[in-house]
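Colleague: There's a structure below that I have some questions on.
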Amino acid sequence: MSDDVTSAPWWQDAVIYQLYIQSFADGNADGIGDIAGLRSRVGYLAGLGIDAIWITPWYRSPLRDAGYDVADYRAIHPRYGSVDEGRELIDACHAAGIRVILDLVPNHTSSDHQWFVEALGARPGSPERSRYHFRAGRDDGQSPPNDWLSVFGGPAWTQVTDAHGHPGEWYLHLFDSSQPDLNWDSDDVRSEFEDVLRFWFDLGVDGFRIDVATALVKAPGLPDLGYPDGAFLADLTRADHPHRDRDEVHEIYRSWRKLADSYDPPRMFAAEAWLDDPDRLSRYVRPDELHTTLNLYYLKSAWTADSMRRAIDASIAATSGVGAPTTWGLSNHDVERVVTRYGRADTSRRPGVSGPELGPVDERLGRRRARAAALLTLALPGSVYLYQGDELGLADAHVPEQARQDPIWIRSEGRRWGRDGARVPLPWTPDGSSHGFGDDGAWLPQPPGWGAHAVSAQEGDDASFLELYRTALHLRRTHPALGGTSEFQWRDAPRDDVLVFTREPGFACVVNFGSTPAPIPLDGRVLVSSDSGDTAGDVPPHGAVWLELHPAGRA
Ligand code: NOJ
Ligand code: CA
């Protein structure tokens with residue numbers, strides 16, 4: 001596993017597979033993915049050609065927000081397995097050449113966490129309450145202490161009952177009421193999380209993705225936000241935001257970086273940071289802070305030549321300015337799957353929107369574009385995040401209302417669909433009670449037709465999504481121009497709806513965003529095309545090709 005001392009750190013160009021554990025593979029037939037199921041599929045992951053997995057939260061939790069509500073940061077939820085099984089899994093992944101990244105949730109705990117239970121039992125102003133944000137309400141205690149709203153809908157405050165059964169203080173939760181925000185001014189909180197990091201690093205974990213990395217520090221006094229236009233998300237970019245992207249948060253990451261660097265090999269961090277300004281984002285990856293951030297700007301961009309080019313340029317400019325690698329990803333467990341989004345008339349990912357207003361989906365078109373997008377993404381310099389099931393070309397599943405679990409659906413009282421459609425268990429085989437996910441059903445229902453996208457149905461079929469990903473991932477590992485963070489160069493394109501770039505030595509990627517074939521503008525041999533049909537030397541509509549340039553055509 002250790003890198004050659006002369007080579008760049010592994011995370012600079014790694015392909016990281018986001019593994020949504022409850023929906024990956026079920027090893028004990030209870031309908032829920034688990035460590036045993038995951039272990040049985042390590043061979044699949046190694047064969048796919050990824051470098052690392054990021055496992056979404058597997059800790060003990062009441063699961064009100066799919067595990068992003070942690071009750072014990074040092075315990076694995078029994079439905080997934082035990083810490084011993086976790087250690088064995090990490091070893092098995094390492095033996096297969098796969099690194100393991102966990103998900104750290106430092107902004108909030110679960111309301112079942114021992115600290116919060118203690119806080120509820122303690123008096124206002126007590127040390128127990130000071131680990132969270134407890135405040136007296138306004139209007140004689142009747143209204144929340146300020147105007148902040150929960151990302152999931154409704155106010156960001158919930159009132160508790162005091163020792164005499166009367167309405168008491170309010171506590172802050174930027175997400176669900178079962179996710180109280182921690183107070184990062186508390187020394188207890190700071191030292192506890194450093195300890196949690198050590199616990200998992202000592203077990204062999206290679207890094208952490210940091211949940212809502214921008215939100216930990218709140219403005220002193222918790223001032224009103226103001227909401228001039230009444231919208232929650234519209235305000236996230238404003239200067240001096242009281243609960244997002246505050247300068248003081250960087251100090252926490254500087255100290256975590258020192259901790260990660262004290263390990264051999266050093267451990268890594270990836271920040272989840274929904275910031276619209278790439279320059280603000282790049283501050284998280286300054287040399288003494290975190291290693292990488294997820295690139296949600298790229299993820300949100302519309303599928304047009306213009307918009308993707310802008311996102312690529314801005315992302316590279318921002319990260320290279322601080323000497324960090326760029327990362328690229330098209331989806332995750334919080335957004336619609338890429339096939340669905342790219343099948344809509346408006347292909348941008350609009351924050352806060354998810355409901356009937358999104359309009360109809362043409363999945364055939366979405367699949368074509370998603371295949372092209374895979375080739376674009378895997379050819380860019382830096383690291384790539386792949387969300388499980390994207391390699392199978394899965395679309396968002398329709399989850400019947402009575403089966404939905406996302407707190408967004410519940411807290412918005414059905415006005416927002418929530419994220420369950422992107423979280424449905426994977427199909428491994430065309431048939432069976434849960435298409436090979438396990439031996440007895442799936443915790444979120446798989447829709448009709450799910451089996452057609454199964455791993456075993458795609459394996460060996462050159463025209464399949466899976467084989468496209470395998471081919472591209474294999475080329476990315478073996479082609480000298482791919483992987484790495486070496487610069488790339490835009491080239492003249494034959495049309496406005498085509499993007500062309502080269503990487504050295506001798507590689508080109510051409511992406512056609514239009515609906516008619518585009519001529520290949522460079523002299524080279526097609527290494528892989530997003531369209532397996534005969535394209536007669538063109539870049540297919542809504543397609544992409546990778547080229548090995550002929551020596552004469554090289555720069
Ligand atoms: C971001 C996570 O990706 C999402 O799933 C979760 O609901 C929120 N953070 C709150 O932890
Ligand atoms: Ca299970």
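Every chain in the structure tokens has a letter given in the order shown (A, B, ...), and although residue numbers restart at 1 in each chain, ligands are simply numbered from 1 in the order shown.
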Could you give me the residues within 7 Å of ligand 1, counting only C-alpha atoms and all ligand atoms, as a PyMOL selection string?
Modeller: chain A and resi 65+68-69+105+175+211-212+333-334
Colleague: All residues within 10 Å of ligand 2 are required, counting only C-alpha atoms and all ligand atoms; please report them as a PDB file with all heavy atoms, in the first residue's frame.
Modeller:
ATOM      1  N   ILE A  21     -23.310   2.629   2.544  1.00  0.00           N
ATOM      2  CA  ILE A  21     -23.212   1.261   3.065  1.00  0.00           C
ATOM      3  C   ILE A  21     -24.550   0.538   3.154  1.00  0.00           C
ATOM      4  O   ILE A  21     -24.644  -0.645   2.841  1.00  0.00           O
ATOM      5  CB  ILE A  21     -22.428   1.236   4.400  1.00  0.00           C
ATOM      6  CG1 ILE A  21     -22.229  -0.198   4.857  1.00  0.00           C
ATOM      7  CG2 ILE A  21     -23.075   2.102   5.471  1.00  0.00           C
ATOM      8  CD1 ILE A  21     -21.200  -0.375   5.945  1.00  0.00           C
ATOM      9  N   GLN A  22     -25.609   1.248   3.544  1.00  0.00           N
ATOM     10  CA  GLN A  22     -26.891   0.539   3.722  1.00  0.00           C
ATOM     11  C   GLN A  22     -27.491   0.078   2.403  1.00  0.00           C
ATOM     12  O   GLN A  22     -28.435  -0.703   2.393  1.00  0.00           O
ATOM     13  CB  GLN A  22     -27.900   1.375   4.513  1.00  0.00           C
ATOM     14  CG  GLN A  22     -28.167   2.772   4.027  1.00  0.00           C
ATOM     15  CD  GLN A  22     -27.250   3.796   4.657  1.00  0.00           C
ATOM     16  OE1 GLN A  22     -26.021   3.679   4.542  1.00  0.00           O
ATOM     17  NE2 GLN A  22     -27.803   4.806   5.308  1.00  0.00           N
ATOM     18  N   SER A  23     -26.928   0.545   1.282  1.00  0.00           N
ATOM     19  CA  SER A  23     -27.506   0.190  -0.013  1.00  0.00           C
ATOM     20  C   SER A  23     -26.510  -0.504  -0.941  1.00  0.00           C
ATOM     21  O   SER A  23     -26.770  -0.635  -2.127  1.00  0.00           O
ATOM     22  CB  SER A  23     -28.031   1.455  -0.707  1.00  0.00           C
ATOM     23  OG  SER A  23     -29.068   2.009   0.051  1.00  0.00           O
ATOM     24  N   PHE A  24     -25.385  -0.946  -0.390  1.00  0.00           N
ATOM     25  CA  PHE A  24     -24.367  -1.534  -1.262  1.00  0.00           C
ATOM     26  C   PHE A  24     -24.549  -3.060  -1.382  1.00  0.00           C
ATOM     27  O   PHE A  24     -24.818  -3.565  -2.469  1.00  0.00           O
ATOM     28  CB  PHE A  24     -22.974  -1.172  -0.753  1.00  0.00           C
ATOM     29  CG  PHE A  24     -21.876  -1.604  -1.687  1.00  0.00           C
ATOM     30  CD1 PHE A  24     -21.727  -1.003  -2.928  1.00  0.00           C
ATOM     31  CD2 PHE A  24     -20.987  -2.610  -1.333  1.00  0.00           C
ATOM     32  CE1 PHE A  24     -20.723  -1.406  -3.806  1.00  0.00           C
ATOM     33  CE2 PHE A  24     -19.982  -3.014  -2.197  1.00  0.00           C
ATOM     34  CZ  PHE A  24     -19.854  -2.418  -3.436  1.00  0.00           C
ATOM     35  N   ALA A  25     -24.432  -3.777  -0.282  1.00  0.00           N
ATOM     36  CA  ALA A  25     -24.620  -5.234  -0.327  1.00  0.00           C
ATOM     37  C   ALA A  25     -24.970  -5.715   1.078  1.00  0.00           C
ATOM     38  O   ALA A  25     -24.355  -5.294   2.056  1.00  0.00           O
ATOM     39  CB  ALA A  25     -23.352  -5.920  -0.825  1.00  0.00           C
ATOM     40  N   ASP A  26     -25.956  -6.595   1.147  1.00  0.00           N
ATOM     41  CA  ASP A  26     -26.484  -7.082   2.428  1.00  0.00           C
ATOM     42  C   ASP A  26     -25.968  -8.496   2.690  1.00  0.00           C
ATOM     43  O   ASP A  26     -26.293  -9.421   1.952  1.00  0.00           O
ATOM     44  CB  ASP A  26     -28.016  -7.061   2.344  1.00  0.00           C
ATOM     45  CG  ASP A  26     -28.684  -7.689   3.556  1.00  0.00           C
ATOM     46  OD1 ASP A  26     -28.016  -7.827   4.599  1.00  0.00           O
ATOM     47  OD2 ASP A  26     -29.880  -8.030   3.446  1.00  0.00           O
ATOM     48  N   GLY A  27     -25.173  -8.647   3.747  1.00  0.00           N
ATOM     49  CA  GLY A  27     -24.560  -9.956   4.007  1.00  0.00           C
ATOM     50  C   GLY A  27     -25.379 -10.867   4.902  1.00  0.00           C
ATOM     51  O   GLY A  27     -25.074 -12.057   5.018  1.00  0.00           O
ATOM     52  N   ASN A  28     -26.412 -10.355   5.608  1.00  0.00           N
ATOM     53  CA  ASN A  28     -27.129 -11.230   6.558  1.00  0.00           C
ATOM     54  C   ASN A  28     -28.637 -11.247   6.346  1.00  0.00           C
ATOM     55  O   ASN A  28     -29.401 -11.545   7.271  1.00  0.00           O
ATOM     56  CB  ASN A  28     -26.797 -10.826   8.007  1.00  0.00           C
ATOM     57  CG  ASN A  28     -27.346  -9.452   8.343  1.00  0.00           C
ATOM     58  OD1 ASN A  28     -27.801  -8.735   7.446  1.00  0.00           O
ATOM     59  ND2 ASN A  28     -27.333  -9.088   9.604  1.00  0.00           N
ATOM     60  N   ALA A  29     -29.049 -10.931   5.141  1.00  0.00           N
ATOM     61  CA  ALA A  29     -30.452 -11.100   4.742  1.00  0.00           C
ATOM     62  C   ALA A  29     -31.445 -10.361   5.634  1.00  0.00           C
ATOM     63  O   ALA A  29     -32.520 -10.870   5.914  1.00  0.00           O
ATOM     64  CB  ALA A  29     -30.791 -12.590   4.673  1.00  0.00           C
ATOM     65  N   ASP A  30     -31.087  -9.146   6.084  1.00  0.00           N
ATOM     66  CA  ASP A  30     -32.114  -8.350   6.776  1.00  0.00           C
ATOM     67  C   ASP A  30     -32.545  -7.162   5.919  1.00  0.00           C
ATOM     68  O   ASP A  30     -33.253  -6.271   6.390  1.00  0.00           O
ATOM     69  CB  ASP A  30     -31.622  -7.881   8.160  1.00  0.00           C
ATOM     70  CG  ASP A  30     -30.434  -6.923   8.061  1.00  0.00           C
ATOM     71  OD1 ASP A  30     -29.936  -6.692   6.922  1.00  0.00           O
ATOM     72  OD2 ASP A  30     -30.000  -6.412   9.101  1.00  0.00           O
ATOM     73  N   GLY A  31     -32.085  -7.144   4.666  1.00  0.00           N
ATOM     74  CA  GLY A  31     -32.538  -6.095   3.753  1.00  0.00           C
ATOM     75  C   GLY A  31     -31.726  -4.813   3.841  1.00  0.00           C
ATOM     76  O   GLY A  31     -32.029  -3.831   3.162  1.00  0.00           O
ATOM     77  N   ILE A  32     -30.687  -4.807   4.699  1.00  0.00           N
ATOM     78  CA  ILE A  32     -29.870  -3.595   4.898  1.00  0.00           C
ATOM     79  C   ILE A  32     -28.420  -3.927   4.589  1.00  0.00           C
ATOM     80  O   ILE A  32     -27.880  -4.924   5.113  1.00  0.00           O
ATOM     81  CB  ILE A  32     -29.986  -3.111   6.363  1.00  0.00           C
ATOM     82  CG1 ILE A  32     -31.449  -2.816   6.708  1.00  0.00           C
ATOM     83  CG2 ILE A  32     -29.118  -1.874   6.595  1.00  0.00           C
ATOM     84  CD1 ILE A  32     -31.719  -2.728   8.189  1.00  0.00           C
ATOM     85  N   GLY A  33     -27.774  -3.110   3.800  1.00  0.00           N
ATOM     86  CA  GLY A  33     -26.358  -3.333   3.490  1.00  0.00           C
ATOM     87  C   GLY A  33     -25.525  -3.322   4.763  1.00  0.00           C
ATOM     88  O   GLY A  33     -25.902  -2.712   5.763  1.00  0.00           O
ATOM     89  N   ASP A  34     -24.380  -3.990   4.739  1.00  0.00           N
ATOM     90  CA  ASP A  34     -23.569  -4.123   5.952  1.00  0.00           C
ATOM     91  C   ASP A  34     -22.116  -4.439   5.583  1.00  0.00           C
ATOM     92  O   ASP A  34     -21.776  -4.571   4.403  1.00  0.00           O
ATOM     93  CB  ASP A  34     -24.152  -5.205   6.874  1.00  0.00           C
ATOM     94  CG  ASP A  34     -24.452  -6.490   6.104  1.00  0.00           C
ATOM     95  OD1 ASP A  34     -23.628  -6.867   5.244  1.00  0.00           O
ATOM     96  OD2 ASP A  34     -25.511  -7.110   6.332  1.00  0.00           O
ATOM     97  N   ILE A  35     -21.297  -4.570   6.629  1.00  0.00           N
ATOM     98  CA  ILE A  35     -19.865  -4.801   6.403  1.00  0.00           C
ATOM     99  C   ILE A  35     -19.631  -6.164   5.755  1.00  0.00           C
ATOM    100  O   ILE A  35     -18.802  -6.293   4.847  1.00  0.00           O
ATOM    101  CB  ILE A  35     -19.087  -4.682   7.726  1.00  0.00           C
ATOM    102  CG1 ILE A  35     -19.150  -3.231   8.230  1.00  0.00           C
ATOM    103  CG2 ILE A  35     -17.629  -5.106   7.552  1.00  0.00           C
ATOM    104  CD1 ILE A  35     -18.507  -3.004   9.588  1.00  0.00           C
ATOM    105  N   ALA A  36     -20.377  -7.179   6.184  1.00  0.00           N
ATOM    106  CA  ALA A  36     -20.179  -8.515   5.601  1.00  0.00           C
ATOM    107  C   ALA A  36     -20.471  -8.476   4.098  1.00  0.00           C
ATOM    108  O   ALA A  36     -19.730  -9.044   3.288  1.00  0.00           O
ATOM    109  CB  ALA A  36     -21.073  -9.532   6.308  1.00  0.00           C
ATOM    110  N   GLY A  37     -21.564  -7.781   3.726  1.00  0.00           N
ATOM    111  CA  GLY A  37     -21.899  -7.669   2.301  1.00  0.00           C
ATOM    112  C   GLY A  37     -20.807  -6.933   1.546  1.00  0.00           C
ATOM    113  O   GLY A  37     -20.380  -7.349   0.461  1.00  0.00           O
ATOM    114  N   LEU A  38     -20.340  -5.854   2.152  1.00  0.00           N
ATOM    115  CA  LEU A  38     -19.290  -5.060   1.517  1.00  0.00           C
ATOM    116  C   LEU A  38     -18.031  -5.908   1.307  1.00  0.00           C
ATOM    117  O   LEU A  38     -17.437  -5.901   0.227  1.00  0.00           O
ATOM    118  CB  LEU A  38     -18.995  -3.861   2.420  1.00  0.00           C
ATOM    119  CG  LEU A  38     -18.327  -2.614   1.877  1.00  0.00           C
ATOM    120  CD1 LEU A  38     -18.292  -1.553   2.959  1.00  0.00           C
ATOM    121  CD2 LEU A  38     -16.962  -2.829   1.319  1.00  0.00           C
ATOM    122  N   PRO A  78     -24.722  -1.807  15.104  1.00  0.00           N
ATOM    123  CA  PRO A  78     -24.758  -3.277  15.015  1.00  0.00           C
ATOM    124  C   PRO A  78     -25.387  -3.777  13.719  1.00  0.00           C
ATOM    125  O   PRO A  78     -25.067  -4.882  13.265  1.00  0.00           O
ATOM    126  CB  PRO A  78     -25.596  -3.711  16.220  1.00  0.00           C
ATOM    127  CG  PRO A  78     -25.745  -2.515  17.089  1.00  0.00           C
ATOM    128  CD  PRO A  78     -25.325  -1.291  16.334  1.00  0.00           C
ATOM    129  N   ARG A  79     -26.238  -2.988  13.104  1.00  0.00           N
ATOM    130  CA  ARG A  79     -26.838  -3.501  11.860  1.00  0.00           C
ATOM    131  C   ARG A  79     -25.802  -3.591  10.739  1.00  0.00           C
ATOM    132  O   ARG A  79     -26.008  -4.301   9.755  1.00  0.00           O
ATOM    133  CB  ARG A  79     -28.038  -2.665  11.433  1.00  0.00           C
ATOM    134  CG  ARG A  79     -27.707  -1.296  10.869  1.00  0.00           C
ATOM    135  CD  ARG A  79     -29.000  -0.566  10.519  1.00  0.00           C
ATOM    136  NE  ARG A  79     -28.762   0.560   9.631  1.00  0.00           N
ATOM    137  CZ  ARG A  79     -29.701   1.105   8.871  1.00  0.00           C
ATOM    138  NH1 ARG A  79     -30.919   0.638   8.879  1.00  0.00           N
ATOM    139  NH2 ARG A  79     -29.420   2.132   8.111  1.00  0.00           N
ATOM    140  N   TYR A  80     -24.678  -2.872  10.889  1.00  0.00           N
ATOM    141  CA  TYR A  80     -23.601  -2.975   9.884  1.00  0.00           C
ATOM    142  C   TYR A  80     -22.518  -3.962  10.310  1.00  0.00           C
ATOM    143  O   TYR A  80     -21.835  -4.532   9.471  1.00  0.00           O
ATOM    144  CB  TYR A  80     -22.946  -1.616   9.650  1.00  0.00           C
ATOM    145  CG  TYR A  80     -23.902  -0.539   9.193  1.00  0.00           C
ATOM    146  CD1 TYR A  80     -23.894   0.724   9.783  1.00  0.00           C
ATOM    147  CD2 TYR A  80     -24.819  -0.784   8.176  1.00  0.00           C
ATOM    148  CE1 TYR A  80     -24.771   1.716   9.370  1.00  0.00           C
ATOM    149  CE2 TYR A  80     -25.706   0.204   7.763  1.00  0.00           C
ATOM    150  CZ  TYR A  80     -25.681   1.450   8.369  1.00  0.00           C
ATOM    151  OH  TYR A  80     -26.553   2.427   7.963  1.00  0.00           O
ATOM    152  N   GLY A  81     -22.337  -4.134  11.631  1.00  0.00           N
ATOM    153  CA  GLY A  81     -21.278  -5.030  12.119  1.00  0.00           C
ATOM    154  C   GLY A  81     -20.655  -4.439  13.373  1.00  0.00           C
ATOM    155  O   GLY A  81     -21.278  -3.656  14.086  1.00  0.00           O
ATOM    156  N   PHE A 437     -28.924  -7.939  -4.104  1.00  0.00           N
ATOM    157  CA  PHE A 437     -28.426  -7.049  -3.038  1.00  0.00           C
ATOM    158  C   PHE A 437     -28.255  -7.854  -1.756  1.00  0.00           C
ATOM    159  O   PHE A 437     -27.290  -7.687  -1.009  1.00  0.00           O
ATOM    160  CB  PHE A 437     -29.417  -5.894  -2.858  1.00  0.00           C
ATOM    161  CG  PHE A 437     -29.233  -5.103  -1.598  1.00  0.00           C
ATOM    162  CD1 PHE A 437     -28.097  -4.329  -1.390  1.00  0.00           C
ATOM    163  CD2 PHE A 437     -30.210  -5.130  -0.601  1.00  0.00           C
ATOM    164  CE1 PHE A 437     -27.939  -3.603  -0.218  1.00  0.00           C
ATOM    165  CE2 PHE A 437     -30.054  -4.401   0.574  1.00  0.00           C
ATOM    166  CZ  PHE A 437     -28.912  -3.643   0.762  1.00  0.00           C
ATOM    167  N   GLY A 438     -29.201  -8.724  -1.489  1.00  0.00           N
ATOM    168  CA  GLY A 438     -29.127  -9.618  -0.337  1.00  0.00           C
ATOM    169  C   GLY A 438     -30.079 -10.763  -0.594  1.00  0.00           C
ATOM    170  O   GLY A 438     -30.552 -10.925  -1.714  1.00  0.00           O
ATOM    171  N   ASP A 439     -30.337 -11.547   0.479  1.00  0.00           N
ATOM    172  CA  ASP A 439     -31.209 -12.698   0.255  1.00  0.00           C
ATOM    173  C   ASP A 439     -32.656 -12.428   0.637  1.00  0.00           C
ATOM    174  O   ASP A 439     -33.515 -13.282   0.473  1.00  0.00           O
ATOM    175  CB  ASP A 439     -30.695 -13.920   1.036  1.00  0.00           C
ATOM    176  CG  ASP A 439     -29.458 -14.482   0.365  1.00  0.00           C
ATOM    177  OD1 ASP A 439     -29.306 -14.268  -0.848  1.00  0.00           O
ATOM    178  OD2 ASP A 439     -28.625 -15.099   1.058  1.00  0.00           O
ATOM    179  N   ASP A 440     -32.926 -11.265   1.212  1.00  0.00           N
ATOM    180  CA  ASP A 440     -34.304 -11.060   1.606  1.00  0.00           C
ATOM    181  C   ASP A 440     -34.697  -9.585   1.562  1.00  0.00           C
ATOM    182  O   ASP A 440     -34.668  -8.885   2.569  1.00  0.00           O
ATOM    183  CB  ASP A 440     -34.538 -11.633   3.013  1.00  0.00           C
ATOM    184  CG  ASP A 440     -36.026 -11.805   3.286  1.00  0.00           C
ATOM    185  OD1 ASP A 440     -36.815 -11.676   2.328  1.00  0.00           O
ATOM    186  OD2 ASP A 440     -36.387 -12.064   4.439  1.00  0.00           O
ATOM    187  N   ALA A 442     -35.101  -5.433   0.303  1.00  0.00           N
ATOM    188  CA  ALA A 442     -34.241  -4.248   0.372  1.00  0.00           C
ATOM    189  C   ALA A 442     -34.970  -3.184   1.186  1.00  0.00           C
ATOM    190  O   ALA A 442     -36.180  -3.010   1.056  1.00  0.00           O
ATOM    191  CB  ALA A 442     -33.960  -3.725  -1.036  1.00  0.00           C
ATOM    192  N   TRP A 443     -34.227  -2.460   2.018  1.00  0.00           N
ATOM    193  CA  TRP A 443     -34.855  -1.512   2.950  1.00  0.00           C
ATOM    194  C   TRP A 443     -35.588  -0.369   2.257  1.00  0.00           C
ATOM    195  O   TRP A 443     -36.561   0.154   2.783  1.00  0.00           O
ATOM    196  CB  TRP A 443     -33.823  -0.980   3.948  1.00  0.00           C
ATOM    197  CG  TRP A 443     -32.771  -0.100   3.321  1.00  0.00           C
ATOM    198  CD1 TRP A 443     -31.667  -0.505   2.630  1.00  0.00           C
ATOM    199  CD2 TRP A 443     -32.742   1.334   3.306  1.00  0.00           C
ATOM    200  NE1 TRP A 443     -30.946   0.573   2.191  1.00  0.00           N
ATOM    201  CE2 TRP A 443     -31.572   1.727   2.595  1.00  0.00           C
ATOM    202  CE3 TRP A 443     -33.563   2.336   3.830  1.00  0.00           C
ATOM    203  CZ2 TRP A 443     -31.226   3.058   2.382  1.00  0.00           C
ATOM    204  CZ3 TRP A 443     -33.209   3.669   3.620  1.00  0.00           C
ATOM    205  CH2 TRP A 443     -32.058   4.021   2.905  1.00  0.00           C
TER     206      TRP A 443
END
Colleague: Quick one: of A:Arg369, A:Arg416, A:His243, A:Lys300, who's nearest to A:Arg350, counting only C-alpha atoms?
Modeller: A:Lys300
Colleague: When you look at A:Pro325 with a cut-off of 12 Å (counting only C-alpha atoms), what residues show up, excluding the ones that are within fewer than 4 positions of it in the same chain? I need them as number ranges by chain.
Modeller: A: 8-14, 270, 282, 285-287, 290-295, 315-321, 380-384, 483-487
Colleague: Calculated over only C-alpha atoms, which of the candidates A:Leu102, A:Ala403, A:Asp497, A:Val15 has the smallest distance to A:Ile90?
Modeller: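 Closest residue, counting only C-alpha atoms: A:Leu102.
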Colleague: Using only C-alpha atoms, which residue out of A:Asp420, A:Asp306, A:Asp461, A:Asp538 lies closest to A:Val335?
Modeller: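 The shortest atom-to-atom distance to A:Val335 comes from A:Asp420.
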Colleague: Rounded to one decimal in Å, what is the spacing between atom CA of A:Gly543 and atom CA of A:Val526?
Modeller: 13.0 Å
Colleague: Can you tell me which residues surround A:Arg198 at a distance of at most 12 Å, considering only C-alpha atoms, apart from same-chain residues fewer than 3 positions away, and format the answer as a PyMOL selection string?
Modeller: chain A and resi 73-74+191-195+201-208+256+258-263+267
Colleague: Per DSSP on the backbone, filter stretch 171-374 of chain A down to the residues in strand (DSSP E or B) and report them as a ChimeraX atom specification.
Modeller: /A:171-172,181-182,207-210,268-271,292-293,327-329
Colleague: Restricting the output to N, CA, C and O atoms, write the selected residues as an mmCIF file, in the first residue's frame.
Modeller:
data_model
loop_
_atom_site.group_PDB
_atom_site.id
_atom_site.type_symbol
_atom_site.label_atom_id
_atom_site.label_comp_id
_atom_site.auth_asym_id
_atom_site.auth_seq_id
_atom_site.Cartn_x
_atom_site.Cartn_y
_atom_site.Cartn_z
ATOM 1 N N TYR A 171 -32.559 24.769 21.689
ATOM 2 C CA TYR A 171 -31.237 24.367 21.183
ATOM 3 C C TYR A 171 -31.209 24.476 19.661
ATOM 4 O O TYR A 171 -32.224 24.322 18.989
ATOM 5 N N LEU A 172 -30.004 24.720 19.169
ATOM 6 C CA LEU A 172 -29.801 24.953 17.728
ATOM 7 C C LEU A 172 -29.595 23.641 16.977
ATOM 8 O O LEU A 172 -28.847 22.768 17.421
ATOM 9 N N ASP A 181 -26.586 21.030 17.011
ATOM 10 C CA ASP A 181 -25.258 21.537 16.630
ATOM 11 C C ASP A 181 -24.342 21.606 17.845
ATOM 12 O O ASP A 181 -24.740 22.101 18.904
ATOM 13 N N LEU A 182 -23.115 21.164 17.636
ATOM 14 C CA LEU A 182 -22.111 21.270 18.695
ATOM 15 C C LEU A 182 -21.573 22.693 18.768
ATOM 16 O O LEU A 182 -21.561 23.414 17.760
ATOM 17 N N GLY A 207 -8.332 8.152 5.793
ATOM 18 C CA GLY A 207 -8.739 9.551 5.725
ATOM 19 C C GLY A 207 -10.190 9.718 6.107
ATOM 20 O O GLY A 207 -10.891 8.755 6.409
ATOM 21 N N PHE A 208 -10.638 10.972 6.085
ATOM 22 C CA PHE A 208 -12.023 11.309 6.409
ATOM 23 C C PHE A 208 -12.586 12.309 5.424
ATOM 24 O O PHE A 208 -11.906 13.271 5.049
ATOM 25 N N ARG A 209 -13.830 12.107 5.075
ATOM 26 C CA ARG A 209 -14.626 13.154 4.430
ATOM 27 C C ARG A 209 -15.306 13.892 5.585
ATOM 28 O O ARG A 209 -15.794 13.274 6.533
ATOM 29 N N ILE A 210 -15.272 15.212 5.547
ATOM 30 C CA ILE A 210 -15.800 15.994 6.665
ATOM 31 C C ILE A 210 -17.152 16.582 6.290
ATOM 32 O O ILE A 210 -17.259 17.405 5.374
ATOM 33 N N MET A 268 -5.513 11.579 5.240
ATOM 34 C CA MET A 268 -6.001 12.711 4.438
ATOM 35 C C MET A 268 -7.423 13.108 4.801
ATOM 36 O O MET A 268 -8.158 12.336 5.401
ATOM 37 N N PHE A 269 -7.789 14.337 4.400
ATOM 38 C CA PHE A 269 -9.142 14.850 4.619
ATOM 39 C C PHE A 269 -9.710 15.401 3.312
ATOM 40 O O PHE A 269 -8.991 16.010 2.516
ATOM 41 N N ALA A 270 -11.017 15.218 3.156
ATOM 42 C CA ALA A 270 -11.752 15.847 2.054
ATOM 43 C C ALA A 270 -12.933 16.594 2.666
ATOM 44 O O ALA A 270 -13.709 16.014 3.417
ATOM 45 N N ALA A 271 -13.042 17.877 2.352
ATOM 46 C CA ALA A 271 -14.110 18.679 2.943
ATOM 47 C C ALA A 271 -15.375 18.630 2.090
ATOM 48 O O ALA A 271 -15.306 18.792 0.870
ATOM 49 N N THR A 292 -8.130 18.013 0.282
ATOM 50 C CA THR A 292 -8.985 18.235 -0.890
ATOM 51 C C THR A 292 -10.375 18.664 -0.426
ATOM 52 O O THR A 292 -10.726 18.517 0.746
ATOM 53 N N THR A 293 -11.145 19.187 -1.360
ATOM 54 C CA THR A 293 -12.573 19.400 -1.077
ATOM 55 C C THR A 293 -13.365 18.697 -2.166
ATOM 56 O O THR A 293 -12.872 18.524 -3.288
ATOM 57 N N THR A 327 -10.754 18.277 -7.464
ATOM 58 C CA THR A 327 -11.503 17.022 -7.501
ATOM 59 C C THR A 327 -12.737 17.231 -8.377
ATOM 60 O O THR A 327 -13.168 18.366 -8.596
ATOM 61 N N TRP A 328 -13.290 16.101 -8.838
ATOM 62 C CA TRP A 328 -14.416 16.154 -9.768
ATOM 63 C C TRP A 328 -15.412 15.064 -9.397
ATOM 64 O O TRP A 328 -14.996 13.944 -9.080
ATOM 65 N N GLY A 329 -16.679 15.394 -9.438
ATOM 66 C CA GLY A 329 -17.685 14.362 -9.178
ATOM 67 C C GLY A 329 -19.011 14.823 -9.726
ATOM 68 O O GLY A 329 -19.280 16.027 -9.785
#
Colleague: What's the separation between atom CA of A:Arg280 and atom CA of A:Leu299, in Å to one decimal place?
Modeller: 16.9 Å
Colleague: Could you check which of A:Gly49, A:Arg131, A:Gly154, A:Ser301 is closest to A:Glu413, using only C-alpha atoms?
Modeller: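 The shortest atom-to-atom distance to A:Glu413 comes from A:Gly154.
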